[in-house]
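Let me begin by presenting the structure, written as structure tokens, before commenting on it.
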Amino acid sequence: MENIIFLILRRMRLPLVLLVSVYALSVLGLVLIPGLDDQGNPWHMDFFHAFYFVSFMGSTIGFGEIPYAFTDAQRMWVVFTIYIAVVAWLYTIGTMISLIQTPAFQSAVTRNAFIRGTRRIRSAFFLICGYGDTGELLVDTLTDRGLRAVAIDVDQNRINNLELKELPVQVPGLCADALDLSSLLAAGLKHRHCAGVVALTDNDHINLKIAITSKLINPRLRVICRAESHDAAANIASFGTEHIINPFDTFADHLAMALNAPSMYLMNDWLTSASHRPLSEPLFPPRGRWILCGYGRFGKAVAKRLLDEGNTVTVIEADPQATDAPAESICARGTEADTLLEADVKNAVGVVAGTDDDANNLSIVMTAGDLNPTLFVVARQNRSENDEIFRAARLDLVAKNSGIIASRILALITTPLTAEFLRLASQQERQWADELISRIIGVADDRVPQTWMLETRATDTPAVAQALANGDTVLLEHLCRDPHDRKRLLRCVPLLMKRGREHNLLPGLKTALQPFDQILFCGRETAIHRMSRICYDPSVLCYTTTGKRPAAGWVWRRLIRSA
Amino acid sequence: MNLEKVVFAFFILLALTLNFGFFIGEISTPDHHNVFELFAAIVVSIVATILKFGDRTQLGAVVLASSLVADLQLVAAAIWWTIAVHVSAAGLTGAATASIVSLSGGAVLANLVSVVLLTIETVMVRR
């Protein structure tokens, strides 16, 4: 921006000097040329009147001959000055407009607006590098949960797309190369509230560069990085990047979880997806022989998990040599009925269409579904614009790259406790998850439940912190009672309580709170609002703990105390 | 030889000399101070300011500032003159002339600073 302003000032020198000279010449001429006043006496125009006349003549050629009618000599001079003034003005204005229209100036202006937008952010935000499908989904969900984000991408169309979106909070976006440090700095890499950097470009090397730059410039930041190859992942992990997400492995893990513990899968899905979405049904993928079409990176990850879970896999791959497919693989694309019959589709339990072409994947699952309607069908969706088609195909499970990565990242960054909870939950038994799911369904309506976190400290929950400081006993149960009727419980489930380094999974309602406890809840949206009333208002907290409604005002409290 | 520097030096020196010419004389005597000289000083000083637009050097920025100060003083003097002659009933009195000339005296100082800075810049280039 600095540069461009200097450049503009420099380019404006000539037009401005010309304009000043023209004005000076015109004024001087008018002052020097003798005129006649209304009495016919010789008269010289003074500088004040000359400047006045030239000012309106130069811009409007307007008001007439002031203060006395001009002599012919003066008129000749005025005719001359009219023309030079018009030319000088046209030249000056033309130069100015062309300077404003230069792309360099325009981009400097947008960049400046972006920097201002970023600087104004007053709460924790994440810097998203790469606003593709995944970035878009991530920004949607982050803003939906009240978090801020800043996005940069090299493609102007994507940034335009971001600007056109109606998001609940403003998300500054800039078309810039994330490899350029100045762009990252402009996007708030050193901003006080920058909580982390998410590198989501589809190039592992660029992600690596973003991660290493962020770690070097601001070591405090959490860096989350997408990496498609294991080499790049190892490289990125070597300098302390917190989280590396491989879309293929992540989906394979999801599938494995869906096969092994459907309730756990459902819980993951609920806790990491956008709220206000209808509740998803639990999945029950069958066990047995699966057909896997496409043995690329995605196929390999899925095959490994399927085999780990004790299934058998028949691979169909168009190029078994290049992909290093198992020896007994069928060499075909899998879109034709005879290939699928050769793979004995009639006796398989499920099919996974995992090629990198959406049309082929759909063709595979449609053909397979015709041949064996009881199949469990899973397809990989590569491009976001095919959302509608995949929805129409009514598949059992869709592996959408962007969705998988976004929900995984979301679990990591929205509330750190959520990630912790999911980690602990994955170590539990199946039955534990089943019971928890039914408890959550019990409190939720037909939408995905909200998750939220409380910390018993003065800024977050002033009423509770005050009560604890006074030495009163506050049980977890007291936070979960309805402020209108304390006999009823709020529609929420406490999922995890963190005290120091200690984690308490599914804490009981009789647990006594201590200062600086962190508690993760999930439940209905109304429960959040009611709970925050309890946490903020000491009189409401008093009601839920003791059942008494104390006087809220100072005067009334005094009266009661003295009585 | 840098033509840009020559042109700027010409204008800034001319502004100083014209201004000085206007300034010199009995401070409250209107006859000692020529209105044409003030006009020329204003025009040349403004041109010198414009010529410093977009100069990124530290010294250039200070010269721009001092020449803006000179402009401001001279324009104030011109406005004062206009008010004295055309607006006030008393006309161009000795007191009014003294004010105008002292304003232009301030501008002389500012122009002088510009010239000194210019000299310093030149000496630095030589080294």
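Convention: chains lettered A, B, ... in structure tokens order; per-chain residue numbering from 1; ligands numbered from 1 as shown.
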
Enumerate, as a short mmCIF file (atom, residue, chain, number, x, y, z; two decimals) with N, CA and C atoms, in the first residue's frame, the complete set of residues in chain B that a backbone-based DSSP assignment places in helix (DSSP H, G or I).
```cif
data_model
loop_
_atom_site.label_atom_id
_atom_site.label_comp_id
_atom_site.auth_asym_id
_atom_site.auth_seq_id
_atom_site.Cartn_x
_atom_site.Cartn_y
_atom_site.Cartn_z
N LEU B 3 18.34 15.37 -13.24
CA LEU B 3 17.50 16.49 -13.69
C LEU B 3 16.41 16.80 -12.66
N GLU B 4 15.89 15.74 -12.06
CA GLU B 4 14.83 15.93 -11.07
C GLU B 4 15.32 16.84 -9.93
N LYS B 5 16.56 16.57 -9.49
CA LYS B 5 17.13 17.36 -8.39
C LYS B 5 17.36 18.82 -8.81
N VAL B 6 17.80 18.98 -10.05
CA VAL B 6 18.06 20.33 -10.54
C VAL B 6 16.77 21.14 -10.55
N VAL B 7 15.72 20.51 -11.11
CA VAL B 7 14.44 21.22 -11.21
C VAL B 7 13.93 21.58 -9.83
N PHE B 8 14.04 20.61 -8.92
CA PHE B 8 13.53 20.89 -7.58
C PHE B 8 14.35 22.00 -6.90
N ALA B 9 15.68 21.92 -7.05
CA ALA B 9 16.54 22.94 -6.45
C ALA B 9 16.19 24.31 -7.00
N PHE B 10 15.93 24.36 -8.31
CA PHE B 10 15.54 25.62 -8.94
C PHE B 10 14.29 26.19 -8.28
N PHE B 11 13.29 25.35 -8.14
CA PHE B 11 12.02 25.86 -7.61
C PHE B 11 12.13 26.25 -6.15
N ILE B 12 12.84 25.44 -5.38
CA ILE B 12 12.89 25.74 -3.95
C ILE B 12 13.72 27.01 -3.70
N LEU B 13 14.77 27.19 -4.51
CA LEU B 13 15.57 28.40 -4.36
C LEU B 13 14.79 29.62 -4.82
N LEU B 14 14.06 29.45 -5.93
CA LEU B 14 13.27 30.56 -6.44
C LEU B 14 12.20 30.96 -5.42
N ALA B 15 11.59 29.95 -4.79
CA ALA B 15 10.60 30.24 -3.77
C ALA B 15 11.23 31.06 -2.65
N LEU B 16 12.44 30.65 -2.24
CA LEU B 16 13.12 31.36 -1.16
C LEU B 16 13.44 32.80 -1.56
N THR B 17 13.99 32.96 -2.76
CA THR B 17 14.40 34.31 -3.17
C THR B 17 13.20 35.23 -3.33
N LEU B 18 12.15 34.72 -3.97
CA LEU B 18 10.96 35.55 -4.16
C LEU B 18 10.37 35.95 -2.81
N ASN B 19 10.31 34.97 -1.97
CA ASN B 19 9.75 35.18 -0.66
C ASN B 19 10.56 36.21 0.14
N PHE B 20 11.88 36.05 0.02
CA PHE B 20 12.74 36.97 0.72
C PHE B 20 12.57 38.39 0.19
N GLY B 21 12.44 38.47 -1.14
CA GLY B 21 12.23 39.77 -1.77
C GLY B 21 10.96 40.43 -1.27
N PHE B 22 9.94 39.63 -1.07
CA PHE B 22 8.69 40.18 -0.57
C PHE B 22 8.84 40.61 0.89
N PHE B 23 9.56 39.79 1.62
CA PHE B 23 9.67 39.97 3.07
C PHE B 23 10.48 41.22 3.42
N PRO B 30 3.12 49.35 3.45
CA PRO B 30 2.61 48.58 2.31
C PRO B 30 3.44 48.78 1.05
N ASP B 31 4.02 49.96 0.85
CA ASP B 31 4.75 50.22 -0.39
C ASP B 31 6.00 49.37 -0.54
N HIS B 32 6.54 48.89 0.57
CA HIS B 32 7.77 48.09 0.49
C HIS B 32 7.51 46.65 0.10
N VAL B 35 2.72 43.00 -4.20
CA VAL B 35 1.75 41.92 -4.23
C VAL B 35 2.11 40.87 -5.29
N PHE B 36 2.72 41.32 -6.39
CA PHE B 36 3.10 40.37 -7.44
C PHE B 36 4.16 39.39 -6.94
N GLU B 37 5.03 39.92 -6.09
CA GLU B 37 6.08 39.06 -5.55
C GLU B 37 5.48 37.98 -4.65
N LEU B 38 4.47 38.37 -3.86
CA LEU B 38 3.80 37.39 -3.00
C LEU B 38 3.12 36.32 -3.86
N PHE B 39 2.43 36.78 -4.91
CA PHE B 39 1.75 35.84 -5.82
C PHE B 39 2.75 34.85 -6.40
N ALA B 40 3.85 35.36 -6.92
CA ALA B 40 4.86 34.49 -7.52
C ALA B 40 5.43 33.53 -6.48
N ALA B 41 5.66 34.05 -5.25
CA ALA B 41 6.21 33.19 -4.20
C ALA B 41 5.27 32.04 -3.89
N ILE B 42 3.96 32.35 -3.85
CA ILE B 42 2.99 31.29 -3.56
C ILE B 42 3.01 30.22 -4.64
N VAL B 43 2.94 30.66 -5.91
CA VAL B 43 2.88 29.70 -7.02
C VAL B 43 4.13 28.83 -7.02
N VAL B 44 5.29 29.44 -6.91
CA VAL B 44 6.54 28.68 -6.99
C VAL B 44 6.66 27.74 -5.80
N SER B 45 6.23 28.19 -4.64
CA SER B 45 6.32 27.35 -3.45
C SER B 45 5.40 26.12 -3.58
N ILE B 46 4.19 26.34 -4.15
CA ILE B 46 3.28 25.20 -4.33
C ILE B 46 3.87 24.20 -5.32
N VAL B 47 4.44 24.73 -6.41
CA VAL B 47 5.04 23.84 -7.40
C VAL B 47 6.17 23.03 -6.76
N ALA B 48 6.99 23.71 -5.93
CA ALA B 48 8.09 23.00 -5.26
C ALA B 48 7.55 21.89 -4.37
N THR B 49 6.42 22.15 -3.70
CA THR B 49 5.82 21.12 -2.85
C THR B 49 5.38 19.92 -3.68
N ILE B 50 4.68 20.21 -4.80
CA ILE B 50 4.19 19.13 -5.65
C ILE B 50 5.36 18.29 -6.16
N LEU B 51 6.47 18.95 -6.45
CA LEU B 51 7.63 18.21 -6.96
C LEU B 51 8.19 17.24 -5.92
N GLN B 58 13.90 9.71 3.65
CA GLN B 58 13.63 10.40 4.90
C GLN B 58 13.79 11.91 4.72
N LEU B 59 14.89 12.29 4.07
CA LEU B 59 15.17 13.71 3.87
C LEU B 59 14.09 14.34 2.99
N GLY B 60 13.69 13.59 1.95
CA GLY B 60 12.66 14.09 1.04
C GLY B 60 11.37 14.37 1.79
N ALA B 61 11.04 13.50 2.73
CA ALA B 61 9.80 13.68 3.49
C ALA B 61 9.87 14.94 4.35
N VAL B 62 11.06 15.20 4.93
CA VAL B 62 11.21 16.40 5.76
C VAL B 62 11.14 17.66 4.89
N VAL B 63 11.73 17.60 3.70
CA VAL B 63 11.66 18.74 2.79
C VAL B 63 10.21 19.00 2.40
N LEU B 64 9.46 17.89 2.14
CA LEU B 64 8.04 18.04 1.80
C LEU B 64 7.32 18.74 2.94
N ALA B 65 7.62 18.34 4.16
CA ALA B 65 6.95 18.94 5.31
C ALA B 65 7.28 20.43 5.41
N SER B 66 8.56 20.77 5.28
CA SER B 66 8.92 22.18 5.46
C SER B 66 8.34 23.02 4.32
N SER B 67 8.27 22.45 3.12
CA SER B 67 7.73 23.25 2.03
C SER B 67 6.21 23.38 2.16
N LEU B 68 5.56 22.37 2.79
CA LEU B 68 4.13 22.50 3.08
C LEU B 68 3.90 23.62 4.09
N VAL B 69 4.82 23.72 5.06
CA VAL B 69 4.71 24.79 6.05
C VAL B 69 4.81 26.15 5.36
N ALA B 70 5.75 26.27 4.44
CA ALA B 70 5.90 27.53 3.71
C ALA B 70 4.63 27.88 2.95
N ASP B 71 4.05 26.87 2.28
CA ASP B 71 2.80 27.10 1.54
C ASP B 71 1.73 27.65 2.47
N LEU B 72 1.61 26.98 3.60
CA LEU B 72 0.57 27.33 4.55
C LEU B 72 0.73 28.78 5.00
N GLN B 73 1.96 29.17 5.32
CA GLN B 73 2.23 30.54 5.78
C GLN B 73 1.91 31.54 4.68
N LEU B 74 2.32 31.22 3.46
CA LEU B 74 2.11 32.17 2.36
C LEU B 74 0.63 32.31 2.02
N VAL B 75 -0.07 31.17 2.02
CA VAL B 75 -1.51 31.23 1.72
C VAL B 75 -2.23 32.02 2.81
N ALA B 76 -1.80 31.82 4.07
CA ALA B 76 -2.39 32.59 5.16
C ALA B 76 -2.13 34.09 4.95
N ALA B 77 -0.92 34.42 4.52
CA ALA B 77 -0.61 35.83 4.25
C ALA B 77 -1.50 36.40 3.15
N ALA B 78 -1.71 35.59 2.09
CA ALA B 78 -2.54 36.05 0.97
C ALA B 78 -3.97 36.26 1.41
N ILE B 79 -4.47 35.31 2.22
CA ILE B 79 -5.85 35.44 2.70
C ILE B 79 -5.97 36.69 3.58
N TRP B 80 -4.97 36.89 4.42
CA TRP B 80 -4.97 38.09 5.29
C TRP B 80 -5.02 39.35 4.43
N TRP B 81 -4.23 39.39 3.41
CA TRP B 81 -4.19 40.55 2.50
C TRP B 81 -5.57 40.79 1.88
N THR B 82 -6.16 39.71 1.37
CA THR B 82 -7.48 39.82 0.74
C THR B 82 -8.50 40.38 1.73
N ILE B 83 -8.45 39.85 2.95
CA ILE B 83 -9.41 40.33 3.96
C ILE B 83 -9.18 41.81 4.23
N ALA B 84 -7.89 42.17 4.38
CA ALA B 84 -7.58 43.57 4.69
C ALA B 84 -8.08 44.50 3.59
N VAL B 85 -7.84 44.14 2.34
CA VAL B 85 -8.17 45.03 1.23
C VAL B 85 -9.66 45.01 0.93
N HIS B 86 -10.26 43.81 0.86
CA HIS B 86 -11.61 43.71 0.33
C HIS B 86 -12.70 43.59 1.38
N VAL B 87 -12.37 43.03 2.53
CA VAL B 87 -13.43 42.75 3.50
C VAL B 87 -13.48 43.82 4.59
N GLY B 94 -1.14 49.75 8.36
CA GLY B 94 0.21 49.34 8.74
C GLY B 94 0.21 48.05 9.55
N ALA B 95 -0.78 47.94 10.45
CA ALA B 95 -0.85 46.74 11.28
C ALA B 95 -1.09 45.51 10.42
N ALA B 96 -2.03 45.61 9.47
CA ALA B 96 -2.34 44.48 8.60
C ALA B 96 -1.10 44.10 7.79
N THR B 97 -0.41 45.09 7.26
CA THR B 97 0.80 44.81 6.48
C THR B 97 1.83 44.08 7.34
N ALA B 98 1.98 44.54 8.57
CA ALA B 98 2.95 43.90 9.45
C ALA B 98 2.61 42.43 9.65
N SER B 99 1.30 42.12 9.84
CA SER B 99 0.90 40.72 10.01
C SER B 99 1.25 39.90 8.77
N ILE B 100 0.90 40.48 7.60
CA ILE B 100 1.14 39.75 6.35
C ILE B 100 2.62 39.47 6.19
N VAL B 101 3.43 40.48 6.42
CA VAL B 101 4.87 40.32 6.19
C VAL B 101 5.47 39.36 7.21
N SER B 102 4.97 39.40 8.44
CA SER B 102 5.54 38.47 9.42
C SER B 102 5.16 37.03 9.07
N LEU B 103 3.96 36.83 8.51
CA LEU B 103 3.60 35.48 8.05
C LEU B 103 4.56 35.02 6.96
N SER B 104 4.84 35.94 6.02
CA SER B 104 5.76 35.55 4.94
C SER B 104 7.16 35.35 5.51
N GLY B 105 7.49 36.06 6.61
CA GLY B 105 8.78 35.84 7.26
C GLY B 105 8.91 34.41 7.75
N GLY B 106 7.80 33.89 8.31
CA GLY B 106 7.80 32.48 8.73
C GLY B 106 8.06 31.57 7.55
N ALA B 107 7.43 31.90 6.42
CA ALA B 107 7.62 31.08 5.22
C ALA B 107 9.07 31.13 4.76
N VAL B 108 9.70 32.29 4.91
CA VAL B 108 11.12 32.40 4.53
C VAL B 108 11.94 31.41 5.34
N LEU B 109 11.63 31.33 6.64
CA LEU B 109 12.36 30.40 7.50
C LEU B 109 12.17 28.96 7.03
N ALA B 110 10.92 28.62 6.72
CA ALA B 110 10.64 27.26 6.26
C ALA B 110 11.38 26.97 4.96
N ASN B 111 11.36 27.95 4.03
CA ASN B 111 12.07 27.77 2.77
C ASN B 111 13.56 27.60 3.00
N LEU B 112 14.04 28.35 3.97
CA LEU B 112 15.47 28.28 4.30
C LEU B 112 15.82 26.86 4.78
N VAL B 113 14.95 26.31 5.62
CA VAL B 113 15.18 24.94 6.10
C VAL B 113 15.23 23.98 4.92
N SER B 114 14.29 24.14 3.97
CA SER B 114 14.28 23.29 2.78
C SER B 114 15.60 23.37 2.06
N VAL B 115 16.08 24.60 1.88
CA VAL B 115 17.31 24.78 1.13
C VAL B 115 18.49 24.15 1.86
N VAL B 116 18.51 24.31 3.19
CA VAL B 116 19.60 23.71 3.98
C VAL B 116 19.57 22.19 3.83
N LEU B 117 18.34 21.61 3.94
CA LEU B 117 18.22 20.16 3.79
C LEU B 117 18.70 19.71 2.41
N LEU B 118 18.32 20.51 1.41
CA LEU B 118 18.72 20.19 0.04
C LEU B 118 20.23 20.18 -0.07
N THR B 119 20.85 21.16 0.57
CA THR B 119 22.31 21.23 0.55
C THR B 119 22.92 20.01 1.22
N ILE B 120 22.34 19.65 2.36
CA ILE B 120 22.85 18.47 3.08
C ILE B 120 22.75 17.24 2.19
N GLU B 121 21.60 17.10 1.53
CA GLU B 121 21.38 15.95 0.66
C GLU B 121 22.43 15.91 -0.44
N THR B 122 22.68 17.07 -1.00
CA THR B 122 23.65 17.15 -2.09
C THR B 122 25.04 16.75 -1.59
N VAL B 123 25.40 17.25 -0.42
CA VAL B 123 26.71 16.93 0.14
C VAL B 123 26.83 15.44 0.39
N MET B 124 25.73 14.85 0.89
CA MET B 124 25.76 13.41 1.17
C MET B 124 25.95 12.61 -0.10
N VAL B 125 25.32 13.06 -1.18
CA VAL B 125 25.46 12.36 -2.46
C VAL B 125 26.91 12.42 -2.93
N ARG B 126 27.51 13.57 -2.77
CA ARG B 126 28.89 13.76 -3.21
C ARG B 126 29.82 12.76 -2.53
#
```

So which residues touch Met12 in chain A within 9 Å, counting only C-alpha atoms, skipping near sequence neighbours fewer than 6 positions away, as a PyMOL selection string? (chain A and resi 92+95-96+99) or (chain B and resi 50+53-54)

Write a file of the selected residues as a compact mmCIF listing (two decimals), in the first residue's frame, keeping all heavy atoms.
```txt
# COMPACT_ATOMS: atom_id res chain seq x y z
N THR A 92 -5.55 16.34 -15.63
CA THR A 92 -5.39 15.99 -14.22
C THR A 92 -6.39 14.92 -13.81
O THR A 92 -6.03 13.89 -13.22
CB THR A 92 -5.60 17.23 -13.33
OG1 THR A 92 -4.79 18.27 -13.84
CG2 THR A 92 -5.24 16.95 -11.90
N THR A 95 -5.69 11.55 -15.47
CA THR A 95 -4.56 10.84 -14.85
C THR A 95 -4.99 10.20 -13.54
O THR A 95 -4.69 9.04 -13.25
CB THR A 95 -3.40 11.81 -14.56
OG1 THR A 95 -3.18 12.59 -15.72
CG2 THR A 95 -2.15 11.07 -14.20
N MET A 96 -5.75 10.98 -12.76
CA MET A 96 -6.17 10.47 -11.46
C MET A 96 -7.05 9.23 -11.61
O MET A 96 -6.84 8.22 -10.94
CB MET A 96 -6.94 11.57 -10.73
CG MET A 96 -6.93 11.41 -9.23
SD MET A 96 -7.84 12.73 -8.44
CE MET A 96 -6.75 14.08 -8.58
N LEU A 99 -5.10 6.24 -12.67
CA LEU A 99 -4.29 5.70 -11.57
C LEU A 99 -5.15 4.87 -10.62
O LEU A 99 -4.74 3.82 -10.15
CB LEU A 99 -3.63 6.84 -10.79
CG LEU A 99 -2.39 7.43 -11.43
CD1 LEU A 99 -1.90 8.62 -10.63
CD2 LEU A 99 -1.30 6.38 -11.52
N ILE B 50 4.68 20.21 -4.80
CA ILE B 50 4.19 19.13 -5.65
C ILE B 50 5.36 18.29 -6.16
O ILE B 50 5.27 17.07 -6.24
CB ILE B 50 3.36 19.69 -6.81
CG1 ILE B 50 2.07 20.31 -6.27
CG2 ILE B 50 3.03 18.61 -7.82
CD1 ILE B 50 1.27 21.06 -7.31
N PHE B 53 6.23 15.42 -4.01
CA PHE B 53 5.26 14.33 -3.81
C PHE B 53 5.88 13.00 -4.19
O PHE B 53 6.52 12.90 -5.23
CB PHE B 53 4.02 14.55 -4.69
CG PHE B 53 3.00 15.48 -4.10
CD1 PHE B 53 3.25 16.15 -2.91
CD2 PHE B 53 1.78 15.67 -4.74
CE1 PHE B 53 2.30 17.01 -2.38
CE2 PHE B 53 0.84 16.53 -4.21
CZ PHE B 53 1.10 17.20 -3.03
N GLY B 54 5.65 12.00 -3.36
CA GLY B 54 6.08 10.65 -3.72
C GLY B 54 7.56 10.41 -3.50
O GLY B 54 8.09 9.42 -3.96
```

- Residues of chain A within 12 Å of chain B, using only C-alpha atoms, as a PyMOL selection string? chain A and resi 2-25+27-29+31-32+46-52

Could those selected residues go to a file with N, CA, C and O atoms, as a short mmCIF file (atom, residue, chain, number, x, y, z; two decimals), in the first residue's frame?
```cif
data_model
loop_
_atom_site.label_atom_id
_atom_site.label_comp_id
_atom_site.auth_asym_id
_atom_site.auth_seq_id
_atom_site.Cartn_x
_atom_site.Cartn_y
_atom_site.Cartn_z
N GLU A 2 1.85 1.27 0.90
CA GLU A 2 2.80 2.38 0.95
C GLU A 2 3.31 2.70 -0.45
O GLU A 2 3.18 3.82 -0.93
N ASN A 3 3.84 1.65 -1.09
CA ASN A 3 4.43 1.82 -2.41
C ASN A 3 3.49 2.49 -3.38
O ASN A 3 3.86 3.41 -4.09
N ILE A 4 2.26 2.00 -3.39
CA ILE A 4 1.33 2.44 -4.41
C ILE A 4 0.96 3.91 -4.19
O ILE A 4 0.81 4.68 -5.13
N ILE A 5 0.89 4.33 -2.93
CA ILE A 5 0.56 5.73 -2.66
C ILE A 5 1.69 6.64 -3.13
O ILE A 5 1.46 7.67 -3.76
N PHE A 6 2.91 6.20 -2.88
CA PHE A 6 4.04 6.99 -3.36
C PHE A 6 4.04 7.06 -4.87
O PHE A 6 4.30 8.11 -5.47
N LEU A 7 3.71 5.94 -5.47
CA LEU A 7 3.70 5.91 -6.94
C LEU A 7 2.65 6.87 -7.48
O LEU A 7 2.89 7.63 -8.42
N ILE A 8 1.48 6.88 -6.84
CA ILE A 8 0.41 7.76 -7.30
C ILE A 8 0.81 9.21 -7.12
O ILE A 8 0.64 10.04 -8.03
N LEU A 9 1.37 9.52 -5.96
CA LEU A 9 1.79 10.91 -5.73
C LEU A 9 2.82 11.33 -6.79
O LEU A 9 2.77 12.42 -7.34
N ARG A 10 3.73 10.42 -7.07
CA ARG A 10 4.78 10.70 -8.05
C ARG A 10 4.18 10.95 -9.43
O ARG A 10 4.55 11.89 -10.13
N ARG A 11 3.21 10.12 -9.79
CA ARG A 11 2.59 10.28 -11.11
C ARG A 11 1.71 11.52 -11.18
O ARG A 11 1.43 12.02 -12.26
N MET A 12 1.24 11.97 -10.03
CA MET A 12 0.37 13.15 -10.03
C MET A 12 1.16 14.45 -10.08
O MET A 12 0.58 15.52 -10.23
N ARG A 13 2.48 14.36 -9.95
CA ARG A 13 3.28 15.58 -9.95
C ARG A 13 3.04 16.42 -11.18
O ARG A 13 2.71 17.60 -11.09
N LEU A 14 3.18 15.82 -12.36
CA LEU A 14 3.11 16.59 -13.60
C LEU A 14 1.75 17.25 -13.77
O LEU A 14 1.67 18.46 -14.00
N PRO A 15 0.64 16.49 -13.67
CA PRO A 15 -0.67 17.13 -13.82
C PRO A 15 -0.88 18.27 -12.83
O PRO A 15 -1.41 19.32 -13.21
N LEU A 16 -0.44 18.08 -11.60
CA LEU A 16 -0.68 19.11 -10.59
C LEU A 16 0.15 20.36 -10.89
O LEU A 16 -0.35 21.48 -10.79
N VAL A 17 1.40 20.15 -11.27
CA VAL A 17 2.24 21.31 -11.61
C VAL A 17 1.63 22.04 -12.80
O VAL A 17 1.56 23.28 -12.82
N LEU A 18 1.13 21.28 -13.77
CA LEU A 18 0.50 21.90 -14.94
C LEU A 18 -0.70 22.74 -14.51
O LEU A 18 -0.88 23.89 -14.94
N LEU A 19 -1.51 22.16 -13.63
CA LEU A 19 -2.71 22.86 -13.19
C LEU A 19 -2.34 24.15 -12.46
O LEU A 19 -2.92 25.21 -12.73
N VAL A 20 -1.36 24.07 -11.57
CA VAL A 20 -0.94 25.26 -10.82
C VAL A 20 -0.41 26.31 -11.79
O VAL A 20 -0.74 27.50 -11.68
N SER A 21 0.37 25.87 -12.77
CA SER A 21 0.94 26.84 -13.72
C SER A 21 -0.16 27.52 -14.53
O SER A 21 -0.13 28.74 -14.75
N VAL A 22 -1.13 26.72 -14.99
CA VAL A 22 -2.21 27.30 -15.79
C VAL A 22 -2.98 28.33 -14.98
O VAL A 22 -3.28 29.43 -15.45
N TYR A 23 -3.27 27.98 -13.73
CA TYR A 23 -3.98 28.92 -12.87
C TYR A 23 -3.16 30.19 -12.67
O TYR A 23 -3.67 31.30 -12.77
N ALA A 24 -1.87 30.00 -12.38
CA ALA A 24 -1.01 31.16 -12.12
C ALA A 24 -0.95 32.07 -13.35
O ALA A 24 -1.10 33.30 -13.24
N LEU A 25 -0.80 31.45 -14.51
CA LEU A 25 -0.70 32.23 -15.75
C LEU A 25 -2.00 33.00 -15.99
O LEU A 25 -1.99 34.20 -16.31
N VAL A 27 -4.34 33.90 -13.83
CA VAL A 27 -4.53 34.96 -12.83
C VAL A 27 -3.63 36.14 -13.16
O VAL A 27 -4.07 37.30 -13.19
N LEU A 28 -2.39 35.84 -13.47
CA LEU A 28 -1.43 36.90 -13.75
C LEU A 28 -1.88 37.74 -14.94
O LEU A 28 -1.87 38.97 -14.91
N GLY A 29 -2.34 37.07 -16.01
CA GLY A 29 -2.81 37.77 -17.21
C GLY A 29 -3.95 38.71 -16.88
O GLY A 29 -3.96 39.88 -17.27
N VAL A 31 -4.66 40.05 -14.06
CA VAL A 31 -4.23 41.17 -13.22
C VAL A 31 -3.49 42.22 -14.07
O VAL A 31 -3.66 43.42 -13.86
N LEU A 32 -2.71 41.75 -15.02
CA LEU A 32 -1.88 42.68 -15.80
C LEU A 32 -2.65 43.43 -16.87
O LEU A 32 -2.37 44.58 -17.18
N ASP A 46 -7.63 43.05 -9.32
CA ASP A 46 -6.65 42.63 -8.31
C ASP A 46 -6.60 41.10 -8.24
O ASP A 46 -7.40 40.40 -8.85
N PHE A 47 -5.63 40.59 -7.48
CA PHE A 47 -5.41 39.14 -7.43
C PHE A 47 -6.62 38.39 -6.89
O PHE A 47 -6.96 37.32 -7.37
N PHE A 48 -7.27 39.01 -5.90
CA PHE A 48 -8.43 38.33 -5.32
C PHE A 48 -9.51 38.08 -6.36
O PHE A 48 -9.97 36.95 -6.55
N HIS A 49 -9.87 39.13 -7.10
CA HIS A 49 -10.92 38.96 -8.10
C HIS A 49 -10.47 38.08 -9.24
O HIS A 49 -11.26 37.29 -9.78
N ALA A 50 -9.18 38.19 -9.59
CA ALA A 50 -8.67 37.36 -10.68
C ALA A 50 -8.74 35.89 -10.30
O ALA A 50 -9.18 35.04 -11.08
N PHE A 51 -8.36 35.59 -9.06
CA PHE A 51 -8.39 34.19 -8.61
C PHE A 51 -9.83 33.69 -8.55
O PHE A 51 -10.13 32.57 -8.97
N TYR A 52 -10.71 34.56 -8.09
CA TYR A 52 -12.13 34.22 -8.03
C TYR A 52 -12.66 33.90 -9.43
O TYR A 52 -13.26 32.84 -9.67
#
```

Exercise: Thr241 in chain A partners within 12 Å, only C-alpha atoms, chain neighbours under 5 positions left out, as a PyMOL selection string | chain A and resi 196-199+207-216+219-227+232-236

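You will find CA of Leu142 in chain A at 26.0 Å from CA of Ile534 in chain A.
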
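Those residues in range 247-376 of chain A carrying a DSSP assignment of strand (DSSP E or B), computed from the backbone, are Pro278, Arg289, Trp290, Ile291, Leu292, Cys293, Thr312, Val313, Thr314, Val315, Ile316, Glu317, Ile330, Cys331, Gly350, Val351, Val352, Ala353 and Phe376 of chain A.
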
Can you tell me how far CA of Pro320 in chain A sits from CA of His254 in chain A, in Å to one decimal?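 Between CA of Pro320 in chain A and CA of His254 in chain A the gap works out to 25.6 Å.
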